[in-house]
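What follows is the content of upload.pdb, which has PDB, C-alpha atoms:
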```
ATOM      1  CA  MET A   1      14.041  12.322   3.608  1.00  0.00           C
ATOM      2  CA  LYS A   2      10.938  10.258   4.342  1.00  0.00           C
ATOM      3  CA  ALA A   3       9.070   8.027   1.913  1.00  0.00           C
ATOM      4  CA  ARG A   4       5.393   7.240   2.404  1.00  0.00           C
ATOM      5  CA  ILE A   5       4.598   4.051   0.522  1.00  0.00           C
ATOM      6  CA  LYS A   6       1.102   2.742  -0.218  1.00  0.00           C
ATOM      7  CA  ILE A   7       0.645  -0.824  -1.481  1.00  0.00           C
ATOM      8  CA  THR A   8      -2.719  -2.076  -2.748  1.00  0.00           C
ATOM      9  CA  LEU A   9      -3.991  -5.155  -4.517  1.00  0.00           C
ATOM     10  CA  LYS A  10      -4.459  -4.817  -8.262  1.00  0.00           C
ATOM     11  CA  ASN A  11      -8.012  -4.685  -9.602  1.00  0.00           C
ATOM     12  CA  GLY A  12      -9.391  -8.155 -10.146  1.00  0.00           C
ATOM     13  CA  VAL A  13      -7.296  -9.754  -7.385  1.00  0.00           C
ATOM     14  CA  LEU A  14      -9.484 -11.295  -4.690  1.00  0.00           C
ATOM     15  CA  ASP A  15      -9.158  -9.616  -1.292  1.00  0.00           C
ATOM     16  CA  PRO A  16     -10.322 -12.013   1.455  1.00  0.00           C
ATOM     17  CA  GLN A  17      -9.172  -9.646   4.220  1.00  0.00           C
ATOM     18  CA  GLY A  18     -11.155  -6.817   2.679  1.00  0.00           C
ATOM     19  CA  LYS A  19     -14.207  -9.096   2.508  1.00  0.00           C
ATOM     20  CA  ALA A  20     -13.744 -10.054   6.184  1.00  0.00           C
ATOM     21  CA  ILE A  21     -13.603  -6.360   7.119  1.00  0.00           C
ATOM     22  CA  GLN A  22     -16.737  -5.673   5.083  1.00  0.00           C
ATOM     23  CA  ASN A  23     -18.573  -8.530   6.837  1.00  0.00           C
ATOM     24  CA  ALA A  24     -17.400  -7.331  10.269  1.00  0.00           C
ATOM     25  CA  LEU A  25     -18.658  -3.819   9.529  1.00  0.00           C
ATOM     26  CA  GLY A  26     -22.048  -5.274   8.619  1.00  0.00           C
ATOM     27  CA  GLY A  27     -21.991  -7.236  11.875  1.00  0.00           C
ATOM     28  CA  LEU A  28     -21.457  -3.971  13.743  1.00  0.00           C
ATOM     29  CA  GLY A  29     -24.558  -2.532  12.103  1.00  0.00           C
ATOM     30  CA  ILE A  30     -22.655  -0.258   9.731  1.00  0.00           C
ATOM     31  CA  ALA A  31     -24.668  -0.411   6.509  1.00  0.00           C
ATOM     32  CA  GLY A  32     -23.983   0.820   3.005  1.00  0.00           C
ATOM     33  CA  VAL A  33     -20.423  -0.481   2.647  1.00  0.00           C
ATOM     34  CA  ASP A  34     -20.317  -1.925  -0.862  1.00  0.00           C
ATOM     35  CA  GLN A  35     -16.684  -3.045  -0.995  1.00  0.00           C
ATOM     36  CA  VAL A  36     -13.556  -2.949   1.165  1.00  0.00           C
ATOM     37  CA  ARG A  37     -10.028  -3.326  -0.196  1.00  0.00           C
ATOM     38  CA  GLN A  38      -7.190  -3.434   2.298  1.00  0.00           C
ATOM     39  CA  GLY A  39      -3.551  -2.659   1.725  1.00  0.00           C
ATOM     40  CA  LYS A  40      -0.303  -1.670   3.418  1.00  0.00           C
ATOM     41  CA  TYR A  41       1.165   1.678   4.405  1.00  0.00           C
ATOM     42  CA  ILE A  42       4.897   1.908   5.112  1.00  0.00           C
ATOM     43  CA  GLU A  43       7.037   4.888   6.114  1.00  0.00           C
ATOM     44  CA  VAL A  44      10.777   4.750   5.479  1.00  0.00           C
ATOM     45  CA  ASP A  45      13.309   7.326   6.652  1.00  0.00           C
ATOM     46  CA  LEU A  46      16.195   7.684   4.224  1.00  0.00           C
ATOM     47  CA  ALA A  47      19.561   9.325   4.843  1.00  0.00           C
ATOM     48  CA  GLU A  48      19.705  10.162   1.122  1.00  0.00           C
ATOM     49  CA  LYS A  49      19.344  13.879   0.318  1.00  0.00           C
ATOM     50  CA  ASP A  50      19.277  13.589  -3.494  1.00  0.00           C
ATOM     51  CA  GLU A  51      15.682  13.131  -4.684  1.00  0.00           C
ATOM     52  CA  ALA A  52      16.576  11.089  -7.788  1.00  0.00           C
ATOM     53  CA  ARG A  53      18.677   8.659  -5.756  1.00  0.00           C
ATOM     54  CA  ALA A  54      15.996   8.437  -3.075  1.00  0.00           C
ATOM     55  CA  ARG A  55      13.387   7.581  -5.734  1.00  0.00           C
ATOM     56  CA  ALA A  56      15.669   4.915  -7.187  1.00  0.00           C
ATOM     57  CA  THR A  57      16.149   3.403  -3.730  1.00  0.00           C
ATOM     58  CA  ILE A  58      12.407   3.371  -3.007  1.00  0.00           C
ATOM     59  CA  GLU A  59      11.665   1.828  -6.413  1.00  0.00           C
ATOM     60  CA  ARG A  60      14.149  -0.953  -5.676  1.00  0.00           C
ATOM     61  CA  MET A  61      12.713  -1.519  -2.186  1.00  0.00           C
ATOM     62  CA  CYS A  62       9.191  -1.794  -3.556  1.00  0.00           C
ATOM     63  CA  LYS A  63      10.031  -4.040  -6.503  1.00  0.00           C
ATOM     64  CA  ASP A  64      12.444  -6.336  -4.642  1.00  0.00           C
ATOM     65  CA  LEU A  65      10.813  -6.631  -1.219  1.00  0.00           C
ATOM     66  CA  LEU A  66       7.835  -4.547  -0.167  1.00  0.00           C
ATOM     67  CA  ALA A  67       5.330  -5.258  -2.967  1.00  0.00           C
ATOM     68  CA  ASN A  68       4.467  -8.399  -4.868  1.00  0.00           C
ATOM     69  CA  THR A  69       4.231  -6.679  -8.243  1.00  0.00           C
ATOM     70  CA  VAL A  70       2.366  -9.626  -9.768  1.00  0.00           C
ATOM     71  CA  ILE A  71      -0.720  -8.877  -7.651  1.00  0.00           C
ATOM     72  CA  GLU A  72       0.012  -5.491  -6.026  1.00  0.00           C
ATOM     73  CA  ASN A  73       0.428  -1.893  -7.111  1.00  0.00           C
ATOM     74  CA  TYR A  74       2.492   0.609  -5.178  1.00  0.00           C
ATOM     75  CA  SER A  75       2.815   4.346  -5.036  1.00  0.00           C
ATOM     76  CA  TYR A  76       4.892   6.638  -2.874  1.00  0.00           C
ATOM     77  CA  GLU A  77       5.644  10.218  -2.026  1.00  0.00           C
ATOM     78  CA  LEU A  78       8.851  11.718  -0.747  1.00  0.00           C
ATOM     79  CA  VAL A  79       8.746  14.266   2.055  1.00  0.00           C
ATOM     80  CA  ALA A  80      11.786  16.366   2.897  1.00  0.00           C
TER      81      ALA A  80
END
```

Please, can you express the file's structure as structure tokens?
Amino acid sequence: MKARIKITLKNGVLDPQGKAIQNALGGLGIAGVDQVRQGKYIEVDLAEKDEARARATIERMCKDLLANTVIENYSYELVA
């Protein structure tokens, strides 16, 4: 089973990397970009076949290691 995990900054948290990307896009002549927010995308292959156990494992991974839940949100999908 594969998990596709998306981690983004919570609303209201400053995103200096997103701002740098926005500025670089303007420098390339790409206009009309009002805001850029960057995040992380992680794929994890699990040996687990039981969906409930796989979800519990992914929740633990995200809360304990992959996401800083004080400033980041995470979401995921499981793919068989």

Segment 66-73 of chain A: axis-aligned bounding box, 6 Å on each side, centre and edge lengths in Å, one decimal, as lines of an AutoDock Vina configuration file:
```
center_x = 3.6
center_y = -5.8
center_z = -5.0
size_x = 20.6
size_y = 19.7
size_z = 21.6
```

Q: Record the distance separating atom CA of Gln35 of chain A and atom CA of Gly12 of chain A, expressed in Å with one decimal.
A: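 It comes out at 12.8 Å.
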
Any chance you could resolve the PyMOL selection byres ((chain A and resi 8) around 9) against this file and give the residues as an mmCIF file with C-alpha atoms, in the frame of the given file?
```cif
data_model
loop_
_atom_site.group_PDB
_atom_site.id
_atom_site.type_symbol
_atom_site.label_atom_id
_atom_site.label_comp_id
_atom_site.auth_asym_id
_atom_site.auth_seq_id
_atom_site.Cartn_x
_atom_site.Cartn_y
_atom_site.Cartn_z
ATOM 1 C CA LYS A 6 1.102 2.742 -0.218
ATOM 2 C CA ILE A 7 0.645 -0.824 -1.481
ATOM 3 C CA LEU A 9 -3.991 -5.155 -4.517
ATOM 4 C CA LYS A 10 -4.459 -4.817 -8.262
ATOM 5 C CA ARG A 37 -10.028 -3.326 -0.196
ATOM 6 C CA GLN A 38 -7.190 -3.434 2.298
ATOM 7 C CA GLY A 39 -3.551 -2.659 1.725
ATOM 8 C CA LYS A 40 -0.303 -1.670 3.418
ATOM 9 C CA TYR A 41 1.165 1.678 4.405
ATOM 10 C CA ALA A 67 5.330 -5.258 -2.967
ATOM 11 C CA ILE A 71 -0.720 -8.877 -7.651
ATOM 12 C CA GLU A 72 0.012 -5.491 -6.026
ATOM 13 C CA ASN A 73 0.428 -1.893 -7.111
ATOM 14 C CA TYR A 74 2.492 0.609 -5.178
ATOM 15 C CA SER A 75 2.815 4.346 -5.036
#
```

Q: Find the distance between atom CA of Thr69 of chain A and atom CA of Ile21 of chain A and write it in Å to one decimal.
A: 23.5 Å

Q: Give me the residues within 10 Å of Asp45 of chain A as number ranges by chain, counting only C-alpha atoms and dropping any in the same chain fewer than 2 places off.
A: A: 1-4, 43, 47-48, 78-80

Same residues, C-alpha atoms, output as an mmCIF file, in the coordinates of the input:
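The new file out.cif reads:
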```cif
data_model
loop_
_atom_site.group_PDB
_atom_site.id
_atom_site.type_symbol
_atom_site.label_atom_id
_atom_site.label_comp_id
_atom_site.auth_asym_id
_atom_site.auth_seq_id
_atom_site.Cartn_x
_atom_site.Cartn_y
_atom_site.Cartn_z
ATOM 1 C CA MET A 1 14.041 12.322 3.608
ATOM 2 C CA LYS A 2 10.938 10.258 4.342
ATOM 3 C CA ALA A 3 9.070 8.027 1.913
ATOM 4 C CA ARG A 4 5.393 7.240 2.404
ATOM 5 C CA GLU A 43 7.037 4.888 6.114
ATOM 6 C CA ALA A 47 19.561 9.325 4.843
ATOM 7 C CA GLU A 48 19.705 10.162 1.122
ATOM 8 C CA LEU A 78 8.851 11.718 -0.747
ATOM 9 C CA VAL A 79 8.746 14.266 2.055
ATOM 10 C CA ALA A 80 11.786 16.366 2.897
#
```

Q) atom CA of Leu65 of chain A to atom CA of Gly18 of chain A: how many Å, to one decimal? A)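 So the answer is 22.3 Å.
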
Q) Of the residues A:Lys19, A:Leu46, A:Val70, A:Arg53, which is the one nearest to Val33 of chain A, using all atoms listed in the file? A)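 Answer, going by the shortest atom-to-atom distance: A:Lys19.
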